[in-house]
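I have placed the structure first, in the form of structure tokens, so that the comments after it can refer back to it.
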Protein chains: 2
Amino acid sequence: MEEKYGRLTLPTDLDIVEETLKLKEQLKADAIRDCDGTLMPEELVNCGAKIYATYYTTRKDNEWAMANPDEVQQEYLITDRYTAFDNELKIELMKGFHTQQLKVNEIDDPKEWWEVIDRTTGEVVNDWDYADGFVTIHNTKKFHVYTVSFLAFLIWDPVHMYNFITNDWKDAPHQMTFDVRQPKTQEYVKNKLRKFCEENKHVDVIRFTTFFHQFTLTFDDKKREKFVEWFGYSASVSPYILRKFEKWAGYKFRPEFIVDQGYHNSTFRPISKEFKDYIEFQQIEVCKLAKELVDIVHSYGKEAMMFLGDHWIGTEPYGKYFETIGLDAVVGSVGNGVTLRMISDIKGIKYTEGRFLPYFFPDVFTEGGDPIKEAKENWLQARRAILRSPLDRIGYGGYLKLAVNWPGFIETITKVIDEFREIHEYSKGSKSYTAPFKVAILNQWGSIRRWMSNQVHHAIWYREIYSYVGVIECLSGMPIDVEFINFDDIKNGIDKDIKVIINAGAAGTSWSGHEAWLDEAVVTTIREWVYNGGGFIGVGEPSAIQHQGRFFQLSDVMGVDKEVGYTMSTDKYNDLNPNHYLLDDINELDFGEGMPGVYATGEDYQVLAMDQKYTQLVVNKYGKGRSIYFAGLPYTVTNCRLLLKALYYVSQNENLLKKYFVSNVYTEIAVFEETRKIAVINNTYDVQKTDLYIENELVSTLELKPMEMRWVDF
Amino acid sequence: MEEKYGRLTLPTDLDIVEETLKLKEQLKADAIRDCDGTLMPEELVNCGAKIYATYYTTRKDNEWAMANPDEVQQEYLITDRYTAFDNELKIELMKGFHTQQLKVNEIDDPKEWWEVIDRTTGEVVNDWDYADGFVTIHNTKKFHVYTVSFLAFLIWDPVHMYNFITNDWKDAPHQMTFDVRQPKTQEYVKNKLRKFCEENKHVDVIRFTTFFHQFTLTFDDKKREKFVEWFGYSASVSPYILRKFEKWAGYKFRPEFIVDQGYHNSTFRPISKEFKDYIEFQQIEVCKLAKELVDIVHSYGKEAMMFLGDHWIGTEPYGKYFETIGLDAVVGSVGNGVTLRMISDIKGIKYTEGRFLPYFFPDVFTEGGDPIKEAKENWLQARRAILRSPLDRIGYGGYLKLAVNWPGFIETITKVIDEFREIHEYSKGSKSYTAPFKVAILNQWGSIRRWMSNQVHHAIWYREIYSYVGVIECLSGMPIDVEFINFDDIKNGIDKDIKVIINAGAAGTSWSGHEAWLDEAVVTTIREWVYNGGGFIGVGEPSAIQHQGRFFQLSDVMGVDKEVGYTMSTDKYNDLNPNHYLLDDINELDFGEGMPGVYATGEDYQVLAMDQKYTQLVVNKYGKGRSIYFAGLPYTVTNCRLLLKALYYVSQNENLLKKYFVSNVYTEIAVFEETRKIAVINNTYDVQKTDLYIENELVSTLELKPMEMRWVDF
């Protein structure tokens with residue numbers, strides 16, 4: 001069968017030519033790639049596989065960087081906070097930063113591009129000067145706290161530095177950066193790309209890693225990670241760019257728009273108008289220039305692929321201008337269902353490719369590491385998402401030698417690759433069945449950051465987020481069409497296909513919405529929509545902002561509010577009553593970190609779970625509509641079922657749940673109506689028995705092996 | 001010895017005359033009292049004990065109340081929140097309230113005294129009218145939420161209602177209220193008091209319960225407690241009073257000043273200017289009128305005693321005008337060390353009396369109840385506080401019959417009474433030794449609410465507060481002079497005797513301080529003070545308000561800040577190092593509910609305790625000063641020791657700790673230098689062995705019986 005071949009990319013290196021060839025045959029791979037730190041052996045260029053070349057537009061050319069110091073990339077930094085103990089304060093700018101990574105920009109006028117701020121009052125201070133790495137602030141107010149925001153050159157590419165440190169490279173020269181947005185470098189880089197295409201006829205795919213601006217990744221003076229924001233724009237600046245921005249935006253630029261009190265516009269921060277503008281401006285400009293490079297690649301008959309990460313700033317794939325780049329493909333790292341959907345849902349390209357875990361790096365392929373377990377866990381979470389929105393290809397990265405030498409590892413990924421191809425074989429490109437209603441995730445970012453809500457780095461566990469990320473991780477593998485909407489989308493009229501709105505996040509964040517909930521148009525629109533039959537799900541601190549007697553602004557819709565100390569004197573009478581449709585097949589409840597202090601209020605609620613006297617799971621009626629509050633919803637196999645039922649319940653479609661259904665909560669079902677194929681998956685490492693329902697009828701009982709994916713015709 | 005007699009008040013009732021006389025001799029009581037619901041038997045009036053008469057100025061006279069409906073007491077109520085689903089909204093005012101307790105005031109003009117508010121925008125709405133218990137709001141905005149604030153008459157005294165319900169009284173008539181502040185009633189009540197004094201020559205002490213305004217205590221339509229705010233002023237209103245307030249304050253009154261979005265100015269709320277004004281005005285007026293009643297009592301040669309509770313609004317004993325009332329005594333309920341100090345620290349009176357727990361009520365003296373255990377626990381917490389600031393008298397309340405019939409109970413309280421008298425005998429009125437520095441508790445209330453910080457009702461456990469109340473509960477029995485200061489006190493210059501400032505509370509509350517921390521004068525004054533050698537202790541969310549890059553505004557002083565989601569991208573490197581003076585004799589750490597997300601920052605910190613990657617106990621250096629952060633500090637015997645050492649540590653007086661010291665953390669020491677007597681107390685129910693140090697020298701090793709108080713001469 002054709003589907004038993006291809007769709008697979010393997011990494012290689014100079015020292016593993018024979019093994020690569022052997023494995024290519026064994027796994028029926030159809031593409032081979034080099035990585036950062038590895039090279040493509042000449043012996044492999046004619047092996048019949050597609051050849052990917054990792055391509056860096058902004059580094060790996062120290063000669064150019066050194067010859068053009070004014071066009072080295074820049075980053076806005078902010079110093080630590082220093083208290084004035086006297087009437088003068090001398091601040092060493094690079095203190096706490098790594099001087100091998102960053103160097104103060106002394107070329108552009110500090111008085112024009114830097115900013116000294118009194119953080120006790122928030123006022124901009126002008127009485128200061130700079131010399132020899134120090135800013136001296138004069139006439140400081142005693143015991144006020146000051147910061148300096150300043151520009152620095154990125155004299156060591158952050159990703160190269162990261163790989164260098166992580167892999168303990170010894171004598172590789174530090175790769176400097178250069179800014180492709182600036183005129184001299186732009187011409188140089190385009191010509192260099194043309195030359196590369198000409199000289200590397202064997203290369204089929206130019207894999208950009210990535211385009212021009214690295215996400216914010218700053219190291220401290222001990223070479224430890226200091227700040228890493230995967231969505232960060234702080235390293236996408238230069239006076240050249242900022243002057244253009246001022247012209248475009250029509251107002252004066254301030255460093256504070258970027259450094260943002262030191263938070264660097266973390267994606268959790270409520271979005272400022274200026275930062276939103278800056279993103280828009282950068283996306284317009286970056287996509288325009290990226291298109292020029294892609295056009296060059298195409299002119300040589302090659303494909304252009306983008307890595308979703310590293311220098312991806314400005315190319316956010318759900319941004320308005322991404323499709324105009326004209327890329328052939330996007331490849332990215334798949335850590336779980338969410339990161340898979342982040343890639344597989346991208347529109348406007350020919351194909352997507354997922355780099356599966358684990359990377360073949362020495363940190364996992366080592367004593368105490370368990371790469372087989374990582375590969376299995378990764379596959380269980382990825383598989384359910386692939387069944388909803390398939391990647392076109394998968395692949396691996398790192399040092400192939402490590403994988404080949406690890407007993408049992410190749411067998412494990414062989415199973416993964418086979419199942420991946422099976423999904424394509426049986427679906428034949430058709431989409432699996434989804435419920436006849438759409439679900440919307442509501443936050444300040446909306447569609448531009450599809451599958452990215454409540455994320456720090458993709459797929460890394462944080463105590464503060466896993467109780468929220470669970471919502472989209474569960475959804476990533478569910479038979480549900482998901483939209484990501486923002487508060488403007490609410491005000492512009494809720495899409496009529498949307499039957500459930502979910503708001504999940506911590507108070508004060510962009511994800512919960514913060515000040516957006518003070519907008520009367522937002523709250524009244526949602527209230528009216530639920531009142532007329534819509535379904536609302538709140539997780540954690542939904543609609544949270546203290547205002548006019550409530551902490552949750554939709555407390556009336558949800559039937560809950562949070563005790564922040566002001567209603568300690570108000571008696572609460574919350575009684576537990578877990579008898580409810582939602583829980584009739586759920587034996588274990590897991591709210592993750594939970595949310596202290598939430599209590600039910602009003603007359604139409606039912607409390608399904610409590611923690612001491614506070615509530616964790618509450619359903620509420622509001623007019624013709626329904627709402628559910630969860631104290632948290634971490635990703636667990638059981639919570640996938642709980643959320644699925646919650647969606648059918650709040651949208652009042654309970655009667656449709658068993659159109660296609662498996663009774664065992666540890667199993668899930670994906671139905672390809674066009675090809676009349678059903679996949680039933682076992683999401684556990686144990687044997688599972690489940691009843692299979694089609695059109696509300698029990699059609700069979702299946703026994704699934706651990707992790708099994710069973711295909712059933714119907 | 002004289003001290004083996006007296007200082008004790010017993011309750012009595014008609015049906016227990018002989019037992020009272022017997023118990024009076026047995027316990028050597030010197031005063032007898034009636035209670036709400038009990039009567040003083042005639043046989044006892046000449047038994048040689050002082051006779052207390054519980055006196056109510058505002059109730060127990062339904063005839064007067066019914067004849068003067070316009071002078072019945074009033075309360076500001078706010079309805080539930082109602083959403084307008086249409087352009088008109090009809091709100092039933094009394095919905096959710098108990099119509100036996102409260103009745104809409106239809107006498108005073110609703111248009112003048114009521115307020116309809118759009119809670120979606122906060123705007124006052126004028127297009128409404130009232131009829132037959134309903135307010136109809138016209139031209140409502142759809143899906144906006146509305147409330148009505150209105151005046152209601154208190155047709156059943158809340159405390160009488162509470163006692164009626166709690167004791168399951170059946171046929172007692174509901175006692176109505178009347179407002180002593182109003183002219184007709186004022187005259188009437190004064191005359192009645194004169195008459196009572198004349199007719200009750202046997203009464204020695206008029207025990208006011210209390211004066212004129214009940215704290216806010218509202219019942220719902222099911223006769224359940226709906227809202228109870230021990231500090232609440234919402235039932236101290238009437239158009240008569242409010243017109244006077246307007247004149248005094250110089251601005252127009254608004255119901256919102258009282259109902260406060262429905263929070264009724266909970267003591268946890270940041271204090272508004274208007275509410276602060278209202279408290280001041282009420283205290284002036286109430287104290288003036290209370291003085292007139294006290295003068296009447298004195299003119300008959302009797303003593304005037306005030307119960308700290310019930311109708312105590314306006315007489316807060318640490319308020320500016322309290323001493324002008326001229327009371328002889330204050331009596332109050334002692335739930336723990338804090339509530340004891342709340343009474344025993346009162347100035348400007350001749351003596352204080354503590355009502356010990358348990359009350360002789362059927363809820364404790366019943367199957368499943370354990371009044372002996374309650375009495376022991378109560379004594380252990382009270383005793384350590386009495387050693388620092390003694391009450392002059394103790395007593396009990398309720399139905400004496402219940403206590404007499406409970407086996408072993410009288411023996412238990414005999415021991416309590418003996419130890420109480422011993423303290424007076426050995427101290428001879430002198431004060432026990434305190435450290436040579438003062439400690440200040442800083443919050444928005446300051447000295448007016450001494451020993452009342454983070455309290456809901458006195459001594460009742462709430463999950464949200466016990467981790468903060470522990471601070472003052474520990475302090476209540478420590479050899480430390482404690483001040484309670486507010487943010488104005490900081491700005492007016494920190495008292496030079498204060499060497500430690502403590503800020504303990506949840507973000508957003510009056511206790512933490514909320515917007516007070518945006519005041520640059522506050523933060524710079526404290527920074528400078530610590531920098532020059534002061535000690536700062538933060539508990540929970542000290543100095544918390546989001547501003548200019550920090551959540552804790554004193555993060556520089558404390559070396560900690562809290563993750564609210566904005567620094568998820570900032571790497572934190574907090575390592576545990578518990579080797580520290582503070583912990584060298586502490587084996588168990590208890591932070592209560594703790595505080596998630598706090599991390600150490602800066603260069604001068606040491607992390608002594610962690611919860612996963614976050615910190616719970618951090619010491620920091622700041623200039624010449626020191627700081628300690630606690631994630632929480634519930635009251636435990638061990639935490640008393642930990643806090644004691646923390647105070648000596650941050651004030652840099654470690655070398656003075658062993659001036660008088662007991663090594664065992666489960667024991668404490670109180671030293672009466674004047675009488676050369678030392679009390680060593682065992683705060684546990686086990687035997688404890690401890691070394692005793694005087695002037696840094698080990699002088700002996702003691703073995704203490706469970707709960708023992710051992711007196712040592714020196």
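Chain labels A, B, ... are given in the sequence in which chains occur in the structure tokens; within each chain residues are numbered consecutively from 1, and ligands are likewise numbered from 1 in the order shown.
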**Message:** If we count only C-alpha atoms and set the cut-off at 9 Å, which residues sit around Gln616 of chain A, ignoring sequence neighbours fewer than 5 positions away in its own chain? Please answer as a ChimeraX atom specification.
**Reply:** /A:591,594-596,598-599,607-611,629-632
Export of the given selection (N, CA, C and O atoms) as a compact mmCIF listing (two decimals), in the first residue's frame:
```txt
# COMPACT_ATOMS: atom_id res chain seq x y z
N PHE A 591 -9.02 18.52 39.42
CA PHE A 591 -9.08 19.94 39.07
C PHE A 591 -7.68 20.58 39.08
O PHE A 591 -7.56 21.80 39.09
N GLY A 594 -6.60 23.56 41.16
CA GLY A 594 -7.86 24.03 41.71
C GLY A 594 -7.88 25.54 41.84
O GLY A 594 -7.02 26.23 41.30
N MET A 595 -8.90 26.05 42.51
CA MET A 595 -9.04 27.49 42.67
C MET A 595 -9.71 27.74 44.00
O MET A 595 -10.89 27.43 44.17
N PRO A 596 -8.95 28.24 44.99
CA PRO A 596 -9.57 28.44 46.30
C PRO A 596 -10.60 29.56 46.28
O PRO A 596 -10.49 30.51 45.51
N VAL A 598 -13.91 29.79 45.58
CA VAL A 598 -15.04 29.97 44.68
C VAL A 598 -16.31 29.40 45.31
O VAL A 598 -16.30 28.28 45.81
N TYR A 599 -17.37 30.18 45.30
CA TYR A 599 -18.62 29.72 45.91
C TYR A 599 -19.78 29.97 44.95
O TYR A 599 -19.74 30.87 44.11
N VAL A 607 -24.10 22.32 42.72
CA VAL A 607 -22.69 22.12 43.02
C VAL A 607 -22.37 20.64 42.90
O VAL A 607 -22.88 19.82 43.65
N LEU A 608 -21.48 20.32 41.96
CA LEU A 608 -21.16 18.91 41.71
C LEU A 608 -19.89 18.45 42.43
O LEU A 608 -19.66 17.24 42.57
N ALA A 609 -19.05 19.40 42.84
CA ALA A 609 -17.83 19.02 43.56
C ALA A 609 -17.41 20.17 44.45
O ALA A 609 -17.56 21.34 44.08
N MET A 610 -16.88 19.83 45.63
CA MET A 610 -16.47 20.86 46.59
C MET A 610 -15.11 20.54 47.18
O MET A 610 -14.70 19.39 47.26
N ASP A 611 -14.41 21.59 47.62
CA ASP A 611 -13.18 21.47 48.39
C ASP A 611 -13.45 22.22 49.69
O ASP A 611 -13.53 23.43 49.70
N TYR A 629 -18.88 25.74 35.61
CA TYR A 629 -17.63 26.27 36.14
C TYR A 629 -16.74 25.12 36.61
O TYR A 629 -17.20 24.24 37.35
N PHE A 630 -15.49 25.13 36.15
CA PHE A 630 -14.48 24.18 36.62
C PHE A 630 -13.40 24.95 37.38
O PHE A 630 -12.88 25.94 36.88
N ALA A 631 -13.00 24.45 38.56
CA ALA A 631 -11.91 25.08 39.30
C ALA A 631 -10.58 24.91 38.58
O ALA A 631 -9.63 25.67 38.80
N GLY A 632 -10.53 23.95 37.69
CA GLY A 632 -9.33 23.68 36.88
C GLY A 632 -9.64 22.48 36.03
O GLY A 632 -10.54 21.69 36.36
```
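Residues from chain A that have an atom within 6 Å of chain B, counting only C-alpha atoms, are Arg119, Phe143, Lys226, Phe227, Val228, Glu229, Gln261, Phe268, Arg269, Thr524, Gln548, Gly549, Tyr566, Ser569, Thr570 and Asp571 of chain A.
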Taking only C-alpha atoms into account, produce a table as JSON lines in which each residue of segment 222-317 of chain B with an atom at most 12 Å from an atom of segment 149-152 of chain B appears once, together with its shortest atom pair and the distance in Å to one decimal, ordered by chain and rising number.
```
{"residue": "B:Ser234", "atom": "CA", "partner": "B:Leu151", "partner_atom": "CA", "distance": 9.9}
{"residue": "B:Ala235", "atom": "CA", "partner": "B:Ala152", "partner_atom": "CA", "distance": 9.3}
{"residue": "B:Ser236", "atom": "CA", "partner": "B:Leu151", "partner_atom": "CA", "distance": 11.1}
{"residue": "B:Val237", "atom": "CA", "partner": "B:Leu151", "partner_atom": "CA", "distance": 8.5}
{"residue": "B:Ser238", "atom": "CA", "partner": "B:Leu151", "partner_atom": "CA", "distance": 7.9}
{"residue": "B:Pro239", "atom": "CA", "partner": "B:Leu151", "partner_atom": "CA", "distance": 9.1}
{"residue": "B:Leu242", "atom": "CA", "partner": "B:Leu151", "partner_atom": "CA", "distance": 11.8}
{"residue": "B:Arg254", "atom": "CA", "partner": "B:Ser149", "partner_atom": "CA", "distance": 9.8}
{"residue": "B:Pro255", "atom": "CA", "partner": "B:Ser149", "partner_atom": "CA", "distance": 6.5}
{"residue": "B:Glu256", "atom": "CA", "partner": "B:Ser149", "partner_atom": "CA", "distance": 7.5}
{"residue": "B:Phe257", "atom": "CA", "partner": "B:Ser149", "partner_atom": "CA", "distance": 10.6}
{"residue": "B:Ile258", "atom": "CA", "partner": "B:Ser149", "partner_atom": "CA", "distance": 9.3}
{"residue": "B:Val259", "atom": "CA", "partner": "B:Ser149", "partner_atom": "CA", "distance": 7.0}
{"residue": "B:Asp260", "atom": "CA", "partner": "B:Ser149", "partner_atom": "CA", "distance": 9.7}
{"residue": "B:Gln261", "atom": "CA", "partner": "B:Ser149", "partner_atom": "CA", "distance": 9.2}
{"residue": "B:Gly262", "atom": "CA", "partner": "B:Ser149", "partner_atom": "CA", "distance": 8.9}
{"residue": "B:His264", "atom": "CA", "partner": "B:Ser149", "partner_atom": "CA", "distance": 11.0}
```
Would you write out those residues with N, CA and C atoms, as a PDB file, in the first residue's frame?
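What landed in again-v2.pdb:
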```
ATOM      1  N   SER B 234     -23.848  49.219  59.146  1.00  0.00           N
ATOM      2  CA  SER B 234     -25.012  49.352  58.257  1.00  0.00           C
ATOM      3  C   SER B 234     -26.321  49.471  59.019  1.00  0.00           C
ATOM      4  N   ALA B 235     -26.340  49.041  60.294  1.00  0.00           N
ATOM      5  CA  ALA B 235     -27.569  49.166  61.088  1.00  0.00           C
ATOM      6  C   ALA B 235     -27.485  50.346  62.053  1.00  0.00           C
ATOM      7  N   SER B 236     -26.647  51.314  61.720  1.00  0.00           N
ATOM      8  CA  SER B 236     -26.519  52.497  62.591  1.00  0.00           C
ATOM      9  C   SER B 236     -27.019  53.745  61.874  1.00  0.00           C
ATOM     10  N   VAL B 237     -28.008  53.545  60.996  1.00  0.00           N
ATOM     11  CA  VAL B 237     -28.429  54.661  60.126  1.00  0.00           C
ATOM     12  C   VAL B 237     -29.891  55.037  60.354  1.00  0.00           C
ATOM     13  N   SER B 238     -30.179  56.267  60.003  1.00  0.00           N
ATOM     14  CA  SER B 238     -31.556  56.748  59.908  1.00  0.00           C
ATOM     15  C   SER B 238     -31.471  58.100  59.236  1.00  0.00           C
ATOM     16  N   PRO B 239     -32.520  58.527  58.553  1.00  0.00           N
ATOM     17  CA  PRO B 239     -32.468  59.868  57.952  1.00  0.00           C
ATOM     18  C   PRO B 239     -32.108  60.927  58.993  1.00  0.00           C
ATOM     19  N   LEU B 242     -28.418  60.674  59.387  1.00  0.00           N
ATOM     20  CA  LEU B 242     -27.686  60.960  58.151  1.00  0.00           C
ATOM     21  C   LEU B 242     -27.728  62.442  57.792  1.00  0.00           C
ATOM     22  N   ARG B 254     -24.615  59.397  50.444  1.00  0.00           N
ATOM     23  CA  ARG B 254     -25.133  58.434  49.460  1.00  0.00           C
ATOM     24  C   ARG B 254     -25.250  57.063  50.124  1.00  0.00           C
ATOM     25  N   PRO B 255     -26.337  56.339  49.862  1.00  0.00           N
ATOM     26  CA  PRO B 255     -26.477  54.982  50.409  1.00  0.00           C
ATOM     27  C   PRO B 255     -25.262  54.095  50.097  1.00  0.00           C
ATOM     28  N   GLU B 256     -24.630  54.362  48.942  1.00  0.00           N
ATOM     29  CA  GLU B 256     -23.470  53.548  48.547  1.00  0.00           C
ATOM     30  C   GLU B 256     -22.339  53.636  49.571  1.00  0.00           C
ATOM     31  N   PHE B 257     -22.274  54.755  50.314  1.00  0.00           N
ATOM     32  CA  PHE B 257     -21.240  54.852  51.358  1.00  0.00           C
ATOM     33  C   PHE B 257     -21.410  53.725  52.373  1.00  0.00           C
ATOM     34  N   ILE B 258     -22.632  53.297  52.571  1.00  0.00           N
ATOM     35  CA  ILE B 258     -22.915  52.266  53.567  1.00  0.00           C
ATOM     36  C   ILE B 258     -22.986  50.871  52.939  1.00  0.00           C
ATOM     37  N   VAL B 259     -23.755  50.723  51.864  1.00  0.00           N
ATOM     38  CA  VAL B 259     -23.923  49.360  51.329  1.00  0.00           C
ATOM     39  C   VAL B 259     -22.698  48.901  50.548  1.00  0.00           C
ATOM     40  N   ASP B 260     -21.944  49.851  50.007  1.00  0.00           N
ATOM     41  CA  ASP B 260     -20.619  49.532  49.472  1.00  0.00           C
ATOM     42  C   ASP B 260     -20.658  48.338  48.506  1.00  0.00           C
ATOM     43  N   GLN B 261     -21.425  48.490  47.439  1.00  0.00           N
ATOM     44  CA  GLN B 261     -21.521  47.460  46.389  1.00  0.00           C
ATOM     45  C   GLN B 261     -22.066  46.139  46.909  1.00  0.00           C
ATOM     46  N   GLY B 262     -22.565  46.151  48.124  1.00  0.00           N
ATOM     47  CA  GLY B 262     -23.048  44.899  48.721  1.00  0.00           C
ATOM     48  C   GLY B 262     -22.074  44.333  49.732  1.00  0.00           C
ATOM     49  N   HIS B 264     -20.934  46.016  52.282  1.00  0.00           N
ATOM     50  CA  HIS B 264     -21.247  46.644  53.570  1.00  0.00           C
ATOM     51  C   HIS B 264     -19.993  47.022  54.352  1.00  0.00           C
TER      52      HIS B 264
END
```
**Asked** Which of segment 241-382 of chain B counts as strand (DSSP E) under DSSP, as number ranges by chain please?
**Response** B: 303-307, 329-334, 351-356
**Asked** Near Met306 of chain B, counting only C-alpha atoms, which residues have an atom at most 7 Å away, once you skip same-chain residues fewer than 2 positions from it, shown as a ChimeraX atom specification?
**Response** /B:207-210,304,308,329-331
**Message:** Just want the 7 Å neighbourhood of Arg710 of chain B, counted on only C-alpha atoms, with same-chain residues fewer than 4 positions away dropped. Output as number ranges by chain.
**Reply:** B: 679-681
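Residues in contact range of segment 380-394 of chain A, defined as at most 6 Å between only C-alpha atoms, with sequence neighbours fewer than 6 positions away removed, read Arg7, Leu8, Asn336, Gly337, Ser344, Tyr351, Thr352, Glu353, Gly354, Arg355, Ser432, Ser476 and Gly477 of chain A.
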Segment 158-165 of chain A: which residues within 8 Å, counting only C-alpha atoms, same-chain residues fewer than 4 positions away excluded, as a compact mmCIF listing (two decimals) with all heavy atoms, in the first residue's frame?
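In the end it all went to around05.txt:
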```txt
# COMPACT_ATOMS: atom_id res chain seq x y z
N ASP A 36 21.09 21.69 13.39
CA ASP A 36 22.08 22.62 13.91
C ASP A 36 23.16 21.80 14.60
O ASP A 36 22.89 21.08 15.55
CB ASP A 36 21.41 23.58 14.92
CG ASP A 36 22.31 24.78 15.21
OD1 ASP A 36 23.28 25.01 14.44
OD2 ASP A 36 22.04 25.49 16.20
N GLN A 101 26.81 37.26 25.09
CA GLN A 101 25.59 37.25 24.26
C GLN A 101 25.19 38.64 23.81
O GLN A 101 24.71 38.83 22.69
CB GLN A 101 24.41 36.63 25.03
CG GLN A 101 23.19 36.42 24.12
CD GLN A 101 21.88 36.22 24.88
OE1 GLN A 101 21.81 36.35 26.09
NE2 GLN A 101 20.83 35.93 24.13
N LEU A 154 22.91 41.72 19.73
CA LEU A 154 22.95 40.27 19.97
C LEU A 154 24.20 39.71 19.32
O LEU A 154 24.17 39.28 18.16
CB LEU A 154 21.71 39.62 19.37
CG LEU A 154 20.50 39.52 20.28
CD1 LEU A 154 19.23 39.32 19.47
CD2 LEU A 154 20.68 38.38 21.27
N TRP A 169 29.10 22.05 23.42
CA TRP A 169 30.09 22.23 22.36
C TRP A 169 31.27 22.99 22.93
O TRP A 169 31.11 23.85 23.82
CB TRP A 169 29.48 23.01 21.19
CG TRP A 169 28.38 22.25 20.49
CD1 TRP A 169 28.19 20.90 20.49
CD2 TRP A 169 27.34 22.81 19.70
NE1 TRP A 169 27.07 20.57 19.75
CE2 TRP A 169 26.53 21.73 19.24
CE3 TRP A 169 26.99 24.10 19.29
CZ2 TRP A 169 25.42 21.91 18.43
CZ3 TRP A 169 25.88 24.28 18.48
CH2 TRP A 169 25.09 23.18 18.06
N LYS A 170 32.45 22.71 22.41
CA LYS A 170 33.62 23.32 23.03
C LYS A 170 34.20 24.44 22.16
O LYS A 170 34.34 25.58 22.61
CB LYS A 170 34.72 22.26 23.24
CG LYS A 170 34.35 21.22 24.30
CD LYS A 170 34.24 21.83 25.70
CE LYS A 170 33.77 20.77 26.69
NZ LYS A 170 33.16 21.32 27.88
N ALA A 172 33.33 25.44 18.85
CA ALA A 172 32.60 26.10 17.76
C ALA A 172 32.61 27.61 18.00
O ALA A 172 32.40 28.04 19.13
CB ALA A 172 31.16 25.59 17.72
N HIS A 174 31.26 31.28 18.33
CA HIS A 174 29.93 31.82 18.64
C HIS A 174 29.35 32.48 17.40
O HIS A 174 29.96 33.40 16.86
CB HIS A 174 30.02 32.85 19.76
CG HIS A 174 30.58 32.31 21.03
ND1 HIS A 174 30.81 33.09 22.14
CD2 HIS A 174 30.96 31.04 21.38
CE1 HIS A 174 31.31 32.34 23.11
NE2 HIS A 174 31.41 31.10 22.67
N GLN A 175 28.20 32.03 16.98
CA GLN A 175 27.61 32.63 15.77
C GLN A 175 26.97 33.96 16.11
O GLN A 175 26.04 34.03 16.93
CB GLN A 175 26.61 31.66 15.15
CG GLN A 175 27.31 30.43 14.55
CD GLN A 175 26.34 29.48 13.85
OE1 GLN A 175 25.17 29.83 13.64
NE2 GLN A 175 26.83 28.32 13.47
N GLN A 214 14.59 36.43 16.32
CA GLN A 214 14.54 35.38 17.33
C GLN A 214 13.52 35.75 18.41
O GLN A 214 13.41 36.90 18.80
CB GLN A 214 15.95 35.28 17.95
CG GLN A 214 16.08 34.40 19.16
CD GLN A 214 15.73 32.97 18.86
OE1 GLN A 214 16.00 32.45 17.77
NE2 GLN A 214 15.08 32.32 19.79
N LEU A 217 15.18 35.39 24.11
CA LEU A 217 15.89 34.33 24.81
C LEU A 217 17.20 34.93 25.31
O LEU A 217 18.13 35.14 24.54
CB LEU A 217 16.15 33.15 23.85
CG LEU A 217 17.01 32.00 24.38
CD1 LEU A 217 16.52 31.45 25.69
CD2 LEU A 217 17.07 30.89 23.32
N THR A 218 17.22 35.24 26.59
CA THR A 218 18.33 36.00 27.16
C THR A 218 18.99 35.19 28.26
O THR A 218 18.30 34.55 29.06
CB THR A 218 17.79 37.33 27.74
OG1 THR A 218 16.89 37.90 26.80
CG2 THR A 218 18.91 38.30 28.03
N ASP A 310 12.26 29.40 17.01
CA ASP A 310 13.50 30.17 16.83
C ASP A 310 13.22 31.58 16.27
O ASP A 310 12.58 32.36 16.93
CB ASP A 310 14.50 29.39 15.97
CG ASP A 310 14.99 28.12 16.70
OD1 ASP A 310 14.52 27.87 17.82
OD2 ASP A 310 15.83 27.40 16.15
```
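Neighbours of Val482 of chain A closer than or equal to 8 Å, with only C-alpha atoms counted and sequence neighbours fewer than 2 positions away skipped, come out as Lys438, Val439, Ala440, Ile441, Leu475, Ile480 and Phe484 of chain A.
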